[in-house]
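Enquirer: Quick one: the structure is below, and I'll ask about it shortly.
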Amino acid sequence: MDFATLLQILDSTIRLATPLLLACLAGLYSERAGIFDIGLEGKMLAAAFLSAAVAFVTGSVWLGLLAGVAASMALSAIHGLASITFRGNQLISGVAINFLASGLTVLIAQAWFSQGGRTPSLSGAGRFSPWEWPFAEAIIPVPVVGPVYSELVSGHTAIVYLALAMVPISWYVLFRTRFGLRLRAVGENPAAVDTAGVSVVGLRFAAVAICGVLCGIAGAYLATSLQAGFVKEMTAGRGYIALAALIFAKWRPWYALYACLLFGFLQAIALRFQNLDLGLFVVPVEFMDALPYILTVVILAGFVGKAIPPRAGGQPYVKER
């Protein structure tokens, strides 16, 4: 493998890891507050559809992004009402959101655009454009540094840089601010937080809202940046992979980045090498395509060591009187 090929794979790794990282951080906020959310997939799917539809109709990718975030937050509000206000089963609520988004997106897309459940292709201002950093072209002849700067650092869309910036921001918010301390405490011992006079319901709704915003950005990125429009089931299980990455990362932001980059790298390898020749045998394309999902199963099977979730996770809080 030459240096140029390696750079292309790493560039694809960053682009493919971006929606996983945003969804993983979304789940991180929610589960740290004690609200398990397996509806990440549905929120991303709804956001992808509405962002693509609004971006096509208005010709503005930023309006599309806002619409995608609004769709995801609407589903987050439903999940919050079911699991926090009415103290329902969080897993069932998440599954219902996934089914709801899967069916409604195709149904509305077909009724709206009559293109087989997809939106028309986006172009121009309807898509996010890559950001070229200063001197990206001029520095290319410089050995190693030039190609790394122009190919790997420069040339990504705004959402990619936002996703990477969210890692240190999330670490700071969760581990260095009063809000983060209370959020983590709600996921561990909500009764103690309630005794201190802090609203458990308010903190959990705040976490669910942050989760909705990040899932909305992730879905909008899929439809307006990574691809040029919405197609049926375009999330392709990324919400579930993000949950596996969250367990792999043991609910910590920096580990979440490493886990998502690992999944992105496997996807980039699968796209780049359809039939991987190892000398003694050739790995078939079907196995390469399934590799990220196989890793997900391995992680969920518990081969990553002991991962302890927040103690109050999945448990509705009932205030004692």
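Identifiers for the structure tokens are assigned positionally: chains receive A, B, ... in sequence, residues are indexed from 1 per chain, and ligands are indexed from 1 in the order shown.
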If you run DSSP on this backbone, which residues of range 92-230 of chain A come out as helix (DSSP H, G or I), and could you give them as a ChimeraX atom specification?
Expert: /A:92-113,124-126,145-153,158-176,178-188,190-195,200-226
Enquirer: So that I can check the surroundings of Arg87 in chain A, please list as a ChimeraX atom specification every protein, DNA and RNA residue that reaches within 8 Å of it, counting only C-alpha atoms and ignoring chain neighbours fewer than 3 positions away.
Expert: /A:82-84,316-317
Enquirer: What's the 12 Å shell around Glu41 in chain A, counting only C-alpha atoms, without same-chain residues fewer than 3 positions away, as a PyMOL selection string?
Expert: chain A and resi 19-20+22-24+26-27+37-38+44-48+72+75-76+94-102+211-212+215-216+218-219+233-243
Enquirer: Of the residues A:Arg178, A:Asn189, A:Leu152, A:Leu162, which is the one nearest to Ile9 in chain A, using only C-alpha atoms?
Expert: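 Among the listed residues, A:Leu152 lies closest to Ile9 in chain A.
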Enquirer: Would you please work out which residue, of A:Gly117, A:Pro292, A:Gly126, A:Pro310, is nearest to Ala244 in chain A when using only C-alpha atoms?
Expert: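 Counting only C-alpha atoms, the residue closest to Ala244 in chain A is A:Pro292.
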